[in-house]
>>> print(open('run06.txt').read())   # compact mmCIF, C-alpha atoms
# COMPACT_ATOMS: atom_id res chain seq x y z
CA MET A 260 -12.45 60.11 -119.70
CA GLN A 261 -14.11 57.11 -118.06
CA SER A 262 -11.47 55.35 -115.95
CA PHE A 263 -12.13 51.72 -115.04
CA ASP A 264 -10.02 49.78 -112.52
CA LEU A 265 -10.32 46.19 -113.69
CA GLY A 266 -8.70 44.87 -110.54
CA GLN A 267 -11.38 46.48 -108.38
CA GLU A 268 -14.51 46.36 -110.53
CA GLY A 269 -14.03 43.19 -112.55
CA LEU A 270 -14.23 42.14 -116.19
CA ARG A 271 -17.97 41.49 -116.32
CA ALA A 272 -18.73 45.02 -115.15
CA LEU A 273 -16.34 46.52 -117.72
CA ASN A 274 -17.71 44.62 -120.69
CA SER A 275 -21.32 45.20 -119.58
CA SER A 276 -20.65 48.95 -119.46
CA LEU A 277 -19.03 48.91 -122.91
CA HIS A 278 -21.82 46.79 -124.42
CA ALA A 279 -24.36 49.31 -123.14
CA LEU A 280 -22.87 52.03 -125.38
CA LYS A 281 -25.31 51.80 -128.27
CA GLY A 282 -24.93 54.01 -131.32
CA GLN A 283 -23.69 57.51 -130.63
CA THR A 284 -22.50 58.28 -127.09
CA ASN A 285 -20.79 61.17 -125.35
CA MET A 286 -18.78 58.65 -123.26
CA THR A 287 -16.20 58.36 -126.01
CA ALA A 288 -12.92 57.99 -124.07
CA TRP A 289 -12.26 55.02 -121.78
CA GLU A 290 -9.19 53.97 -119.80
CA VAL A 291 -8.75 50.49 -118.35
CA ILE A 292 -6.14 50.18 -115.60
CA ASN A 293 -4.79 47.08 -113.84
CA PRO A 294 -5.69 44.63 -116.63
CA LYS A 295 -3.21 42.08 -115.22
CA GLY A 296 -3.47 39.83 -118.26
CA ALA A 297 -7.23 39.30 -117.96
CA HIS A 298 -9.00 37.56 -120.85
CA ALA A 299 -11.65 39.03 -123.20
CA ILE A 300 -11.07 42.66 -122.22
CA ALA A 301 -13.25 44.96 -124.36
CA ALA A 302 -14.61 42.05 -126.38
CA GLY A 303 -17.73 42.66 -128.45
CA VAL A 304 -17.64 46.46 -128.34
CA ASP A 305 -19.97 48.06 -130.90
CA ALA A 306 -19.66 51.84 -130.50
CA PRO A 307 -17.40 54.63 -131.87
CA VAL A 308 -15.32 54.96 -128.69
CA ASP A 309 -11.61 55.13 -127.86
CA ILE A 310 -10.43 52.60 -125.26
CA THR A 311 -6.90 52.53 -123.80
CA VAL A 312 -5.82 49.43 -121.89
CA ARG A 313 -2.83 50.29 -119.72
CA GLY A 314 -1.00 47.00 -119.49
CA SER A 315 -0.85 43.57 -121.08
CA THR A 316 -3.89 41.44 -121.82
CA GLY A 317 -4.82 37.75 -121.98
CA TYR A 318 -6.87 35.85 -124.54
CA TYR A 319 -9.23 37.51 -127.05
CA CYS A 320 -8.81 41.17 -126.14
CA ALA A 321 -10.84 43.33 -128.56
CA GLY A 322 -12.46 40.27 -130.10
CA MET A 323 -15.42 40.94 -132.43
CA ASN A 324 -14.67 44.67 -132.30
CA LYS A 325 -16.95 47.00 -134.25
CA GLN A 326 -16.31 50.75 -134.61
CA ALA A 327 -14.08 51.18 -131.53
CA THR A 328 -10.41 52.18 -131.42
CA ILE A 329 -8.69 50.01 -128.81
CA ARG A 330 -5.10 50.71 -127.77
CA ILE A 331 -3.16 48.15 -125.74
CA LYS A 332 -0.23 49.72 -123.89
CA GLY A 333 1.53 46.40 -123.47
CA SER A 334 1.44 43.00 -125.14
CA ALA A 335 -1.57 40.87 -126.07
CA GLY A 336 -2.31 37.18 -125.55
CA PRO A 337 -3.73 34.73 -128.11
CA GLY A 338 -6.57 35.75 -130.40
CA VAL A 339 -6.35 39.53 -130.06
CA ALA A 340 -8.87 41.24 -132.41
CA GLU A 341 -10.26 37.82 -133.36
CA ASN A 342 -13.22 38.13 -135.75
CA MET A 343 -12.92 41.93 -135.76
CA MET A 344 -15.53 43.59 -137.97
CA SER A 345 -14.39 47.24 -138.08
CA GLY A 346 -12.51 49.85 -136.08
CA THR A 347 -8.84 49.83 -135.09
CA VAL A 348 -6.77 47.85 -132.60
CA ILE A 349 -3.23 49.04 -131.84
CA ILE A 350 -0.80 46.98 -129.74
CA ASP A 351 2.33 48.69 -128.48
CA GLY A 352 4.06 45.39 -127.63
CA ASN A 353 3.98 41.86 -129.02
CA ALA A 354 1.01 39.66 -129.92
CA SER A 355 0.69 35.95 -129.25
CA GLN A 356 -0.83 33.32 -131.53
CA TYR A 357 -3.54 33.86 -134.17
CA ALA A 358 -3.72 37.65 -133.90
CA GLY A 359 -6.53 38.99 -136.09
CA ALA A 360 -7.86 35.48 -136.79
CA THR A 361 -10.96 35.42 -139.04
CA GLY A 362 -11.03 39.23 -139.03
CA ARG A 363 -13.62 40.60 -141.43
CA GLY A 364 -12.68 44.29 -141.43
CA GLY A 365 -10.91 47.09 -139.63
CA LEU A 366 -7.21 47.57 -138.94
CA LEU A 367 -4.93 45.68 -136.52
CA VAL A 368 -1.52 47.23 -135.80
CA ILE A 369 1.13 45.26 -133.89
CA LYS A 370 4.19 47.37 -133.09
CA GLY A 371 6.21 44.40 -131.86
CA ASN A 372 6.29 40.83 -133.16
CA ALA A 373 3.40 38.43 -133.76
CA SER A 374 3.55 34.71 -133.03
CA SER A 375 2.29 31.83 -135.16
CA ARG A 376 -0.84 31.92 -137.34
CA CYS A 377 -1.10 35.69 -137.50
CA GLY A 378 -4.07 36.50 -139.73
CA VAL A 379 -5.27 32.89 -139.97
CA SER A 380 -8.43 32.71 -142.10
CA MET A 381 -8.57 36.51 -142.39
CA LYS A 382 -11.62 37.66 -144.32
CA GLY A 383 -11.07 41.35 -145.06
CA ILE A 384 -9.06 42.71 -142.12
CA ASP A 385 -5.88 44.76 -142.66
CA ILE A 386 -2.96 43.77 -140.39
CA VAL A 387 0.30 45.74 -140.10
CA VAL A 388 3.10 44.13 -138.06
CA HIS A 389 6.14 46.32 -137.35
CA GLY A 390 8.23 43.29 -136.34
CA SER A 391 8.22 39.67 -137.52
CA ILE A 392 5.57 36.93 -137.64
CA GLY A 393 5.64 33.21 -136.82
CA HIS A 394 4.86 30.07 -138.78
CA MET A 395 1.60 29.34 -140.63
CA SER A 396 0.64 33.01 -140.77
CA ALA A 397 -2.20 33.86 -143.17
CA PHE A 398 -3.15 30.18 -143.35
CA MET A 399 -6.32 29.95 -145.46
CA ALA A 400 -6.47 33.76 -145.58
CA GLN A 401 -9.39 34.70 -147.83
CA SER A 402 -9.18 38.49 -148.29
CA GLY A 403 -7.58 41.57 -146.78
CA ASN A 404 -3.96 42.63 -146.42
CA LEU A 405 -1.10 41.47 -144.18
CA VAL A 406 1.93 43.77 -144.02
CA VAL A 407 5.10 42.61 -142.25
CA LEU A 408 8.08 44.93 -141.83
CA GLY A 409 10.26 42.12 -140.45
CA ASP A 410 10.52 38.44 -141.35
CA ALA A 411 7.98 35.64 -141.79
CA GLY A 412 8.24 32.08 -140.50
CA ASP A 413 7.53 28.74 -142.16
CA ALA A 414 4.55 28.06 -144.44
CA LEU A 415 3.49 31.65 -145.05
CA GLY A 416 0.12 31.83 -146.79
CA ASP A 417 -0.53 28.09 -146.80
CA SER A 418 -3.75 27.30 -148.73
CA LEU A 419 -4.22 31.00 -149.42
CA TYR A 420 -7.25 32.39 -151.25
CA GLU A 421 -7.18 36.08 -152.32
CA ALA A 422 -5.55 37.91 -149.41
CA ARG A 423 -2.49 40.02 -150.24
CA LEU A 424 0.71 39.50 -148.24
CA PHE A 425 3.53 42.05 -148.17
CA VAL A 426 6.80 41.13 -146.43
CA ARG A 427 9.84 43.37 -146.21
CA GLY A 428 12.25 40.82 -144.70
CA SER A 429 12.95 37.18 -145.37
CA VAL A 430 10.37 34.39 -145.62
CA LYS A 431 11.51 31.06 -144.18
CA SER A 432 9.20 29.12 -146.49
CA LEU A 433 5.98 29.53 -148.47
CA GLY A 434 2.98 27.32 -147.79
CA ALA A 435 1.03 25.28 -150.32
CA ASP A 436 -0.16 27.34 -153.30
CA CYS A 437 1.49 30.58 -152.08
CA ILE A 438 3.87 32.25 -154.53
CA GLU A 439 5.73 35.53 -154.90
CA LYS A 440 3.93 37.97 -157.20
CA GLU A 441 4.77 41.14 -159.07
CA MET A 442 4.59 44.45 -157.22
CA ARG A 443 2.60 46.67 -159.59
CA PRO A 444 1.91 50.41 -159.12
CA GLU A 445 -1.49 49.74 -157.55
CA HIS A 446 0.18 47.59 -154.90
CA ILE A 447 2.72 50.33 -154.14
CA ALA A 448 -0.17 52.77 -153.68
CA LEU A 449 -2.07 50.31 -151.46
CA LEU A 450 1.01 49.61 -149.35
CA THR A 451 1.77 53.32 -148.97
CA ASP A 452 -1.68 53.81 -147.47
CA LEU A 453 -1.40 50.75 -145.21
CA LEU A 454 1.98 51.84 -143.85
CA LYS A 455 0.61 55.29 -143.08
CA ARG A 456 -2.51 53.99 -141.36
CA GLY A 457 -0.41 51.41 -139.52
CA GLU A 458 1.89 54.13 -138.10
CA ALA A 459 4.85 52.60 -139.95
CA ASP A 460 5.33 55.00 -142.86
CA GLY A 461 8.55 56.37 -141.38
CA LYS A 462 10.00 52.90 -140.84
CA ALA A 463 9.88 51.39 -144.32
CA LYS A 464 9.31 52.23 -147.97
CA PRO A 465 6.77 50.34 -150.10
CA GLU A 466 9.44 49.53 -152.68
CA GLU A 467 11.30 47.45 -150.07
CA PHE A 468 8.54 44.84 -149.85
CA LYS A 469 7.77 41.68 -151.79
CA ARG A 470 4.20 40.61 -152.51
CA TYR A 471 2.87 37.07 -152.05
CA GLY A 472 -0.45 35.62 -153.07
CA SER A 473 -2.34 32.56 -154.27
CA ALA A 474 -1.21 30.56 -157.29
CA ARG A 475 -4.89 29.48 -157.56
CA LYS A 476 -3.99 25.82 -158.12
CA LEU A 477 -5.94 24.54 -155.11
CA TYR A 478 -9.27 26.13 -156.01
CA ASN A 479 -10.37 22.95 -157.77
CA PHE A 480 -9.15 19.42 -157.19
CA ASN A 481 -6.53 18.27 -159.68
CA ILE A 482 -5.03 14.81 -159.34
CA ASP A 483 -1.66 16.15 -160.50
CA ASN A 484 -1.58 18.39 -157.41
CA ALA A 485 -2.71 15.71 -154.94
CA SER A 486 0.53 15.92 -152.95
CA ALA A 487 -0.19 19.60 -152.19
CA TYR A 488 -3.56 18.98 -150.56
>>> encode(input="run06.txt", output="C-alpha cells")
Amino acid sequence: MQSFDLGQEGLRALNSSLHALKGQTNMTAWEVINPKGAHAIAAGVDAPVDITVRGSTGYYCAGMNKQATIRIKGSAGPGVAENMMSGTVIIDGNASQYAGATGRGGLLVIKGNASSRCGVSMKGIDIVVHGSIGHMSAFMAQSGNLVVLGDAGDALGDSLYEARLFVRGSVKSLGADCIEKEMRPEHIALLTDLLKRGEADGKAKPEEFKRYGSARKLYNFNIDNASAY
C-alpha cells in the first residue's frame, strides 16, 4: 500500500501522483492520512485503484472520478463525487451539499445523511444514502438512480427529467413535476441490486420504498402550467 501523509507532503503532490497513474498500474492501493478537511482530495483520478482517506474531507473530494474506488473514513464537504464518471465513492459519515452533483456514472454511497441538493442535475450516477437527504435533492436530475433509506426534505425531484428516485421514509414535499409512481417488478429488481451494491441490503427491503419520477408536464411549454415554471 502507498501511504501518503497529506499534512507533510501536500495536496498538489498527492493529486499529481494519482494523476500519473495511467491505465493499468501495480500501485493499486493508496492510503491518505491527515486529510484535515483539505479540498479536492483525489480529484480527477483516472485509474483502477483503491484509495482510502482516513478522516474527513473538504470541498470536491473524488470529483470527476473515473475507475477508482475511493473510501472516505469520515464525513465529506460540499460537492463530493461531483461530475463522477465511473468507479465507486463510499463515505462512512455524512455528506454536505450537492453530493454527486452532475454525476454521469459510477456509484456514490453515503452511510450517514446528505445535505441539500443531493444528486442535483445527476446524469447517470447511482446514489445510495443510508440516512436522510435535504431539500431540493435531485433537482433537474436527468438520469440515474437515487436511493434514500431515510427521509427526504422539501421539493424532492423539482424539474425532474428521467432519473428514478426511491425513498423509504417520508418526503416533506415534492418539487414541480415530480410525482409518486408505481413500483413494478423491474423496479424491485433494480432496487434489490442497488441496495446490495450500496452495502444497505441488510438494512431495508425493496418493498418498503416508494418510487418518484417525472410527470413529464414540463418537457414542453404549456400556458396552462405556467405557474409551475
>>> atom_distance(input="run06.txt", atom1="CA of Glu441 (chain A)", atom2="CA of Ala400 (chain A)")
19.0 Å
>>> closest_residue(input="run06.txt", among="A:Glu445, A:Ala435, A:Lys462, A:Arg271", to="Ala474 (chain A)", atoms="all atoms listed in the file")
A:Ala435
>>> closest_residue(input="run06.txt", among="A:Leu280, A:Leu265, A:Ile482, A:Leu415", to="Ser375 (chain A)", atoms="all atoms listed in the file")
A:Leu415
>>> residues_around(input="run06.txt", residues="region 359-361 of chain A", least_positions_apart="4", cutoff="9 Å", atoms="all atoms listed in the file", output="list of chain:residue names")
A:Gly322, A:Gly338, A:Val339, A:Ala340, A:Glu341, A:Asn342, A:Met343, A:Leu367, A:Arg376, A:Cys377, A:Gly378, A:Val379, A:Ser380, A:Met381, A:Lys382, A:Gly383, A:Ile384, A:Asp385, A:Ile386, A:Ala397, A:Ala400, A:Gln401
>>> closest_residue(input="run06.txt", among="A:Asn404, A:Gln326, A:Ser429, A:Ser276", to="Phe468 (chain A)", atoms="all atoms listed in the file")
A:Ser429
>>> axis_aligned_box(input="run06.txt", around="region 350-364 of chain A", padding_each_side="6 Å", output="JSON")
{"center_x": -4.8, "center_y": 41.0, "center_z": -134.5, "size_x": 29.7, "size_y": 27.4, "size_z": 25.8}
>>> residues_near_point(input="run06.txt", point="(-10.4, 49.8, -131.8)", cutoff="8 Å", atoms="only C-alpha atoms", output="list in words")
Val308, Asp309, Ile310, Ala321, Asn324, Lys325, Gln326, Ala327, Thr328, Ile329, Arg330, Ser345, Gly346, Thr347, Val348 and Ile349 of chain A
>>> residues_around(input="run06.txt", residues="region 388-390 of chain A", least_positions_apart="5", cutoff="7 Å", atoms="all atoms listed in the file", output="list in words")
Val368, Ile369, Lys370, Gly371, Asn372, Val406, Val407, Leu408, Gly409 and Ala459 of chain A
>>> write_last_selection(input="run06.txt", atoms="C-alpha atoms", output="PDB file, in the frame of the given file")
ATOM      1  CA  VAL A 368      -1.520  47.230-135.800  1.00  0.00           C
ATOM      2  CA  ILE A 369       1.130  45.260-133.890  1.00  0.00           C
ATOM      3  CA  LYS A 370       4.190  47.370-133.090  1.00  0.00           C
ATOM      4  CA  GLY A 371       6.210  44.400-131.860  1.00  0.00           C
ATOM      5  CA  ASN A 372       6.290  40.830-133.160  1.00  0.00           C
ATOM      6  CA  VAL A 406       1.930  43.770-144.020  1.00  0.00           C
ATOM      7  CA  VAL A 407       5.100  42.610-142.250  1.00  0.00           C
ATOM      8  CA  LEU A 408       8.080  44.930-141.830  1.00  0.00           C
ATOM      9  CA  GLY A 409      10.260  42.120-140.450  1.00  0.00           C
ATOM     10  CA  ALA A 459       4.850  52.600-139.950  1.00  0.00           C
TER      11      ALA A 459
END
>>> residues_around(input="run06.txt", residues="Ser275 (chain A)", least_positions_apart="4", cutoff="12 Å", atoms="all atoms listed in the file", output="PyMOL selection string")
chain A and resi 268-271+279-281+300-305
>>> atom_distance(input="run06.txt", atom1="CA of Leu433 (chain A)", atom2="CA of Asp417 (chain A)")
6.9 Å
>>> atom_distance(input="run06.txt", atom1="CA of Gly365 (chain A)", atom2="CA of Pro307 (chain A)")
12.6 Å
>>> residues_around(input="run06.txt", residues="Pro294 (chain A)", least_positions_apart="2", cutoff="10 Å", atoms="all atoms listed in the file", output="PyMOL selection string")
chain A and resi 263-266+269-270+291-292+296-298+300+312-317
>>> closest_residue(input="run06.txt", among="A:Val387, A:Ile392, A:Ala463, A:Met323", to="Ser355 (chain A)", atoms="all atoms listed in the file")
A:Ile392
>>> decode(input="run06.txt", residues="region 457-473 of chain A", atoms="all heavy atoms", output="short mmCIF file (atom, residue, chain, number, x, y, z; two decimals), in the first residue's frame")
data_model
loop_
_atom_site.label_atom_id
_atom_site.label_comp_id
_atom_site.auth_asym_id
_atom_site.auth_seq_id
_atom_site.Cartn_x
_atom_site.Cartn_y
_atom_site.Cartn_z
N GLY A 457 -24.87 -0.88 -2.71
CA GLY A 457 -24.71 0.24 -1.79
C GLY A 457 -24.51 -0.18 -0.34
O GLY A 457 -24.58 0.66 0.56
N GLU A 458 -24.25 -1.47 -0.10
CA GLU A 458 -23.97 -2.02 1.23
C GLU A 458 -25.12 -1.73 2.20
O GLU A 458 -24.90 -1.48 3.38
CB GLU A 458 -22.64 -1.47 1.76
CG GLU A 458 -21.45 -1.80 0.85
CD GLU A 458 -20.12 -1.26 1.37
OE1 GLU A 458 -20.09 -0.71 2.49
OE2 GLU A 458 -19.11 -1.37 0.64
N ALA A 459 -26.34 -1.77 1.67
CA ALA A 459 -27.52 -1.49 2.50
C ALA A 459 -28.56 -2.58 2.43
O ALA A 459 -29.69 -2.41 2.92
CB ALA A 459 -28.15 -0.16 2.07
N ASP A 460 -28.22 -3.72 1.82
CA ASP A 460 -29.21 -4.77 1.62
C ASP A 460 -29.71 -5.38 2.92
O ASP A 460 -30.81 -5.91 2.97
CB ASP A 460 -28.69 -5.86 0.67
CG ASP A 460 -27.32 -6.38 1.06
OD1 ASP A 460 -26.56 -5.64 1.70
OD2 ASP A 460 -27.01 -7.53 0.72
N GLY A 461 -28.92 -5.29 3.99
CA GLY A 461 -29.38 -5.82 5.27
C GLY A 461 -30.16 -4.81 6.09
O GLY A 461 -30.65 -5.12 7.18
N LYS A 462 -30.29 -3.59 5.58
CA LYS A 462 -30.93 -2.52 6.34
C LYS A 462 -32.35 -2.21 5.89
O LYS A 462 -33.10 -1.56 6.61
CB LYS A 462 -30.09 -1.24 6.24
CG LYS A 462 -28.71 -1.36 6.87
CD LYS A 462 -27.99 -0.02 6.86
CE LYS A 462 -26.66 -0.12 7.60
NZ LYS A 462 -25.97 1.20 7.66
N ALA A 463 -32.71 -2.62 4.69
CA ALA A 463 -34.03 -2.30 4.17
C ALA A 463 -34.41 -3.30 3.09
O ALA A 463 -33.55 -3.90 2.44
CB ALA A 463 -34.06 -0.88 3.62
N LYS A 464 -35.72 -3.44 2.88
CA LYS A 464 -36.24 -4.30 1.82
C LYS A 464 -36.78 -3.43 0.69
O LYS A 464 -37.38 -2.37 0.95
CB LYS A 464 -37.35 -5.20 2.37
CG LYS A 464 -36.89 -6.15 3.47
CD LYS A 464 -38.06 -6.97 3.99
CE LYS A 464 -37.60 -7.92 5.10
NZ LYS A 464 -38.75 -8.70 5.64
N PRO A 465 -36.63 -3.85 -0.54
CA PRO A 465 -37.11 -3.04 -1.68
C PRO A 465 -38.60 -2.72 -1.59
O PRO A 465 -39.03 -1.65 -2.02
CB PRO A 465 -36.80 -3.93 -2.88
CG PRO A 465 -35.70 -4.82 -2.45
CD PRO A 465 -35.93 -5.06 -0.99
N GLU A 466 -39.37 -3.62 -1.03
CA GLU A 466 -40.82 -3.41 -0.95
C GLU A 466 -41.20 -2.28 0.01
O GLU A 466 -42.36 -1.82 0.00
CB GLU A 466 -41.50 -4.71 -0.48
CG GLU A 466 -41.39 -5.86 -1.46
CD GLU A 466 -40.04 -6.59 -1.39
OE1 GLU A 466 -39.25 -6.28 -0.46
OE2 GLU A 466 -39.78 -7.45 -2.26
N GLU A 467 -40.26 -1.80 0.79
CA GLU A 467 -40.54 -0.73 1.76
C GLU A 467 -40.43 0.67 1.14
O GLU A 467 -40.76 1.66 1.78
CB GLU A 467 -39.57 -0.84 2.95
CG GLU A 467 -39.70 -2.13 3.73
CD GLU A 467 -38.61 -2.33 4.76
OE1 GLU A 467 -37.60 -1.60 4.71
OE2 GLU A 467 -38.76 -3.22 5.62
N PHE A 468 -39.98 0.75 -0.10
CA PHE A 468 -39.73 2.03 -0.74
C PHE A 468 -40.89 2.48 -1.62
O PHE A 468 -41.66 1.67 -2.13
CB PHE A 468 -38.47 1.95 -1.61
CG PHE A 468 -37.19 1.84 -0.83
CD1 PHE A 468 -36.81 0.64 -0.25
CD2 PHE A 468 -36.36 2.94 -0.67
CE1 PHE A 468 -35.62 0.53 0.47
CE2 PHE A 468 -35.18 2.85 0.04
CZ PHE A 468 -34.81 1.64 0.62
N LYS A 469 -40.96 3.80 -1.82
CA LYS A 469 -41.85 4.38 -2.82
C LYS A 469 -40.99 4.95 -3.94
O LYS A 469 -39.86 5.39 -3.71
CB LYS A 469 -42.71 5.49 -2.21
CG LYS A 469 -43.73 4.97 -1.20
CD LYS A 469 -44.58 6.10 -0.64
CE LYS A 469 -45.61 5.57 0.35
NZ LYS A 469 -46.43 6.68 0.92
N ARG A 470 -41.55 4.93 -5.14
CA ARG A 470 -40.81 5.44 -6.31
C ARG A 470 -41.40 6.77 -6.76
O ARG A 470 -42.61 6.95 -6.79
CB ARG A 470 -40.88 4.44 -7.47
CG ARG A 470 -40.13 4.90 -8.72
CD ARG A 470 -40.06 3.78 -9.75
NE ARG A 470 -41.32 3.54 -10.42
CZ ARG A 470 -41.65 4.03 -11.62
NH1 ARG A 470 -40.81 4.81 -12.28
NH2 ARG A 470 -42.81 3.72 -12.17
N TYR A 471 -40.49 7.70 -7.11
CA TYR A 471 -40.91 9.02 -7.60
C TYR A 471 -40.22 9.29 -8.92
O TYR A 471 -39.08 8.87 -9.15
CB TYR A 471 -40.56 10.11 -6.58
CG TYR A 471 -41.18 9.88 -5.22
CD1 TYR A 471 -40.50 9.16 -4.24
CD2 TYR A 471 -42.45 10.36 -4.93
CE1 TYR A 471 -41.08 8.92 -3.00
CE2 TYR A 471 -43.04 10.13 -3.69
CZ TYR A 471 -42.34 9.41 -2.73
OH TYR A 471 -42.92 9.18 -1.50
N GLY A 472 -40.92 10.01 -9.79
CA GLY A 472 -40.35 10.32 -11.09
C GLY A 472 -41.06 11.50 -11.73
O GLY A 472 -41.91 12.15 -11.12
N SER A 473 -40.72 11.76 -12.98
CA SER A 473 -41.25 12.92 -13.68
C SER A 473 -42.67 12.68 -14.19
O SER A 473 -42.98 11.63 -14.75
CB SER A 473 -40.34 13.27 -14.86
OG SER A 473 -40.90 14.30 -15.64
#
